[in-house]
Structure formats: C-alpha cells, structure tokens
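Here's the structure, in structure tokens; my notes come after.
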Amino acid sequence: MFTRHPSTRRLIRLGAACLLAACLFAATWATLSAMPAGDPPPPSLPNGIAAGDVTQTQAIVWTRNVSTGTAAWRLKGDHDVGETRAALRSMGVTSMGVTSMGVTTGTLADLTPGARYVYTVTSSAGAVMTGTFRTPFAAGRHGLRFGVSGDGRGDLAPFPAIANAAARDLDFFVELGDTVYADVPSPALPITQATTLNQFRIKHQEVYATRHSLNAWAELRAGTAVFAVIDDHEVTNDFAGGADVASDSRFTETTGLINESALYRRGVQAFHEYNPLRAEFYGDVGDPRLDGKRKFYRYRTFGQDAALLLLDARSFRDEEIAPVDPDNQLDVLRFLNQAFEPGRTMLGGAQLAQLKADLLDAQARGITWKFVAVPEPIQNLGPAGGQDRFEGYATERTELLRFIREEGIQNVVFVAADVHGTMVNNLTYQERAGLAEPQQPTDAFEVTTGPVAYDAPFGPTAVELAADLGLITPEEKALYDSLPVAPDPDDEVDDKDDFVKSYANQALTQLGYDAVGLDGSSIDARLLEGDYMAVHTYGWTEFEIDAASQLLTVTAYGVPAYTAAEMAADPAGVIGRAPAIVSRFVVTPTAVDGGFDVYLPLIRGE
C-alpha cells in the first residue's frame, strides 16, 4: 500500500494527468471461416474479404483483388443461390476510382432474416476465399454475441490482440474508430501525415495486410459481419469536422468547413473504400455541416435482444474548446462554462435527433439492450483532455443523458474506444456548469475498450506523464514498475491497474464524479474476473446476451502491450501472445416488457 498521503490538490493534478494521457495517444460454423488460424489470404486477395453493414435482408460484401480481371462471387444460404453478379449492385466504386486499386464492393439483397450465409470469392488469378455472416433476426429473443475494438496502428500489425475473435462465433464486430493512424509514421508510409488519396489507401492496405505470416483482421472480417465508423486518425488528430476550415492550419483551404476540405474527403473516401459500407448521405436537413454529407450513423436491430446505434462523433462537431490547465481552478471553471455553451454540438442536430428517435423506437419495440457505439467516451473522466470527449460538449451530453432518463429508456450501454484501455462506469450528468453542481444519476453505463494496438496503452502513458510532471515521486514510480499486470477485483494496490485506478478514483471523487466501476450504482452488475479498469494491454471487448435470461456478460480480452521494436526483434514471440481475460462482469437488465425471466442464483452464489 502507499505510505505517502498526497494532498487533494496533488491528487486532482495526478488524476487529471492520468486522464489527459488518454488524449495523447460455435464450432461447426467456425469451419466456414475464410482460413485456418495463421493462414494468410492469397497474394491476389491481399486484404482478405469482408461482409458488413448487415440488415435483416441486406449485406455489403467487399474484397481487394490485385490480379488482372474481375473477382467472381458466389453465395450460399439454406440453398445454393448461385452466382450473385445480378445481386451485386454497384456502389459507385468506379466514380470513386477504386477499380484501379482492385477494390470490389457490392450489395447482397433479398436475404432471409436470422440466416447464416456463406460467400465465396474467386480472384481472377484463381485464388479462392470463403467467408460467412449472419443476418439479424427480425423479432424474438435468440441471444447475441458481438465484439468491439478500435485504435490500431500499422507499425504494430498484425494485431495478435484480436487473434481469438474469429473463433468466438460472433454475430458482428464493430471497428470503433481510429481504424488506421494516417498521422503516425508506419512501415508502409513512413511520413507523419497522409495527404494524398493514395497515401490514405496505403494506410488501410497496411492494417489489413499480412505481416509475419499473420493477418488477424482478414481472418476476423471473413468470419463475421463488421460495422465500421471513423474517428479522428482516419484523417488527422483531433479534427472537428463541423468547424470552419480556417480554424485549423493543417487544412489548406481558407473557406468552408473542415468536413468539406480535401484532406477530410480523401481520408473518408479511403476509409469507405476499405470497409464493407453502404454509401449513405444526408439530404437537406437545414444544417450546412450535414447537408449532403456522408452518413456513417447506423441503427440496426437484432430481434428483441439488442439495438446497435453507431454514431459519427467526428464529422460534424463544433471546434474544440481550449484544453484545460488542471492545476488552475479558474481555468477549470473556464473549461466547464465553455463546454456548457448553448447549442454546442458534437453530433450535429440531425444526428442527435435521429439517435433520440431510434432509442425511443427500440424501447417501444421491447428491445432489451440498446448499445450506443461512440468513438469517444461519454463517461466523466474529468476536464483534462475533455475537449476531445463528450465532456467538452457538455450541453449536448446533458441533453442526451437527460433524454434517456426522462423517457425511461432502459438498458442503455454506451460503448467507446479512443482512450486505449478498458474503463467501466455508470453515467451521471450535470444540469449546469460548476464544480459544486450536483450529479444526476441515470441507469445507463459505459464500457470503453482496449486498443487493437497503440503504443503505449493508457496505463503506462498516464504514469510516465505523471512522473515527468513530478506528480508522483520516484519511489511511487518504482512501486508501479515493480507491480505485475494482473487485474483483479479488489482495490488493493498490488497490480498496475490498481495503481492507476487508485489515483484516478481519488481525482474523480474530488470533482464530484463517481469512481470507476459499477459498484454502488443503480446498475445490477457483478464483477466476475479482472477489474473494471484494465489499461495495460491491447485487446477487444465481447458483449454476450443470453437468449433466455437476457443477462449481459461483458468480457475484455487483452495481450501484454508491445512496441514496434519488440515486434521487429521477436515477431514469433509477440504474435504468440494469447489474448486472456482482463475484465469480465455480468449485468441484469431491467425487464422492458416482461418477456423474459432473470435468474442469477448461481452467479450470486445463492
């Protein structure tokens, strides 16, 4: 345990530094996956195949065929539906210039809800790959299992942290932003910022390519449907798409919005080209930041088990307010007041209105779980670094959480990435700015997911920053260095996650926020393994809903973090790191329509 007792002021500064660091940086069907583990795609299909953006009756299919000629597709469901060229409708790939890169994307239509489909792609060179996906059920409770992660840097490929996901028989996987780092040098593009369309494409080709005889993304994307959305690094760090382009010197234009700039358009085009996405655009909604712009927002339902609401929190946001000096109380108050400026938006009015309408629809339809996937966290992490999170858009944050509370929308789970670690907390909000303003509780909570691979993850980044700023002593740093990465359910500081959580919790509670975790909240949850904070590994998070009880089990997997140098020096050793559970908890839902029974005696030991 700690032998020193830092002052409240020092604890707040240290906790703020920890939080600021985040902004600096079943078996039968498994045989139908594209390839056995470790077997990379053929050279003519170097980035594999994928299906995604599924509805009950449609799916988008994708591949990149680099051999001369056209890839052929075949689809099988309960019966062989034969060659699907007629069902593959053009998505404008020619007008996007994708054909020169070998990308083929199309729509499979007239599918059956709740069905498993197998599709085969044959390249013009004769190479064959097979993939599979499920269409969602239209009604009923059948159970659901899906995965989420984000934040994968090309210099850390080929991503052993997600190597176990393909075998988990997932219904879908969400790539939740920062799918590439276009503003970080990597082996395929060793410059600090991609600027041309071809350079952005290279970044995507790199993360979906084989390296050291492994292509974890290709195996995962061939084995289940995927949903993908952008965050900032698909274009450039911390950009605000709805801001005036003249407000950010990284964009060369002098008039218009950032989401109309060449850099934004090129980054988003490359992202769309390399993901199985339906091309959707906003109409005339009366807001220049959204009118006619590309639409990544998705609302998908999976029977009455779950709804997925996928947000674009980057393309339409107002300019970020100035970062806070957490050691200056006047500046903290300045930040809180600016974050509550009326009309300030991260999502844009039309997207927020659609989100509210779809949450109401899911509740009215008796859907148990509502998963709101947003790249940046909505939970309270403190003002430090908050300019890029929902805390920097507090008016809209309060409006959304108040709406969920007042409308009685039950079992809402926000899922976020970006902070490079697992942090779980219940959600509260303030009606007005101010350090003494009381927190209003909700029945919603948030889970952030660890990164696919970002060096370094939240924990060591936070501690190194705190040490550099003199916020922890050399003795405390030595204690941290001596501790293992071994997340456990208790709060005794006997592992690295406990060390970070201890300081973070003291800072959060001093600000009037709830400590990390679901203990003491209105959420009926039980921690089974690991901890509610796991911030020293690379990994992904699985969400599983039991068909009968509707219990939600959340499991975070992780591998020990590694550097690009370690991958280069010992690729076999790094790739051999097997994902292990770093956090697992179960949540009992509130019954939406009385249509299921909840039974927890075995879990509770009753």
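Order determines the names: the first chain of the structure tokens is A, the second B, and so forth; residues in each chain are numbered 1 upward, and ligands are numbered 1 upward as they are shown.
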
Check your understanding: Which polymer residues have any atom within 10 Å of an atom of segment 238-242 of chain A, counting only C-alpha atoms, with same-chain residues fewer than 4 positions away left out, as a PyMOL selection string?
Key -> chain A and resi 23+231-233+247-248+250-251+256-261+264+288-290+313-320+345-348+387-389

Exercise for review: Do a neighbour search on Asp488 of chain A at 7 Å with only C-alpha atoms, toss out local chain neighbours closer than 3 positions, and write the hits as a ChimeraX atom specification.
Suggested key: /A:529-531

Restricted to N, CA and C atoms, what would the selected residues look like written as a PDB file, in the first residue's frame?
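Writing the result to part-v5.pdb gives the following:
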ATOM      1  N   GLU A 529     -14.382 -11.425 -13.094  1.00  0.00           N
ATOM      2  CA  GLU A 529     -12.939 -11.613 -13.251  1.00  0.00           C
ATOM      3  C   GLU A 529     -12.302 -10.270 -13.560  1.00  0.00           C
ATOM      4  N   GLY A 530     -11.023 -10.135 -13.186  1.00  0.00           N
ATOM      5  CA  GLY A 530     -10.306  -8.925 -13.511  1.00  0.00           C
ATOM      6  C   GLY A 530     -10.860  -7.722 -12.780  1.00  0.00           C
ATOM      7  N   ASP A 531     -10.862  -6.571 -13.466  1.00  0.00           N
ATOM      8  CA  ASP A 531     -11.252  -5.329 -12.818  1.00  0.00           C
ATOM      9  C   ASP A 531     -12.073  -4.488 -13.785  1.00  0.00           C
TER      10      ASP A 531
END

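The residue set within 8 Å of Ala307 of chain A, counting only C-alpha atoms and dropping same-chain residues fewer than 4 places from it, reads A:Tyr299, A:Arg300, A:Thr301, A:Phe302, A:Ala362, A:Ile367, A:Trp369, A:Lys370, A:Phe371.
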
Practice item. Identify, with DSSP run on backbone atoms, the residues in segment 95-220 of chain A assigned to strand (DSSP E or B), and express the list as number ranges by chain. Key: A: 103-108, 116-122, 128-134, 144-152, 172-176, 186, 189, 211, 214

Point to revise | Contact residues around Met423 of chain A with only C-alpha atoms at 6 Å, ignoring same-chain residues under 4 positions, as a PyMOL selection string | key: chain A and resi 447-448+532-533

Review point. Where does DSSP see helix (DSSP H, G or I) in segment 174-243 of chain A, if you list the residues as a PyMOL selection string?
Key: chain A and resi 197-207+216-223

Since we have the selection now, will you write its residues out, keeping C-alpha atoms, as a PDB file, in the first residue's frame?
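New file result.pdb:
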ATOM      1  CA  LEU A 197      -5.743   9.679 -51.603  1.00  0.00           C
ATOM      2  CA  ASN A 198      -3.142   7.063 -52.487  1.00  0.00           C
ATOM      3  CA  GLN A 199      -1.342   7.623 -49.178  1.00  0.00           C
ATOM      4  CA  PHE A 200      -4.569   7.172 -47.214  1.00  0.00           C
ATOM      5  CA  ARG A 201      -5.212   3.972 -49.154  1.00  0.00           C
ATOM      6  CA  ILE A 202      -1.742   2.689 -48.265  1.00  0.00           C
ATOM      7  CA  LYS A 203      -2.575   3.151 -44.578  1.00  0.00           C
ATOM      8  CA  HIS A 204      -5.670   0.946 -44.916  1.00  0.00           C
ATOM      9  CA  GLN A 205      -3.884  -1.655 -47.012  1.00  0.00           C
ATOM     10  CA  GLU A 206      -1.249  -1.885 -44.288  1.00  0.00           C
ATOM     11  CA  VAL A 207      -3.555  -2.665 -41.364  1.00  0.00           C
ATOM     12  CA  ALA A 216      -5.728 -11.295 -37.856  1.00  0.00           C
ATOM     13  CA  TRP A 217      -8.051  -8.707 -39.397  1.00  0.00           C
ATOM     14  CA  ALA A 218      -8.615 -10.771 -42.544  1.00  0.00           C
ATOM     15  CA  GLU A 219      -9.499 -13.840 -40.509  1.00  0.00           C
ATOM     16  CA  LEU A 220     -11.887 -11.896 -38.280  1.00  0.00           C
ATOM     17  CA  ARG A 221     -13.569  -9.953 -41.094  1.00  0.00           C
ATOM     18  CA  ALA A 222     -14.134 -13.125 -43.096  1.00  0.00           C
ATOM     19  CA  GLY A 223     -15.764 -14.870 -40.131  1.00  0.00           C
TER      20      GLY A 223
END

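Interatomic distance, atom CA of Thr588 of chain A against atom CA of Val372 of chain A: 18.0 Å.
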
Check your understanding: What's the 12 Å shell around Arg405 of chain A, counting only C-alpha atoms, without same-chain residues fewer than 6 positions away, as an NGL selection string?
Key -> :A and (356 or 359-360 or 398-399 or 411-412 or 427-429 or 440-445)
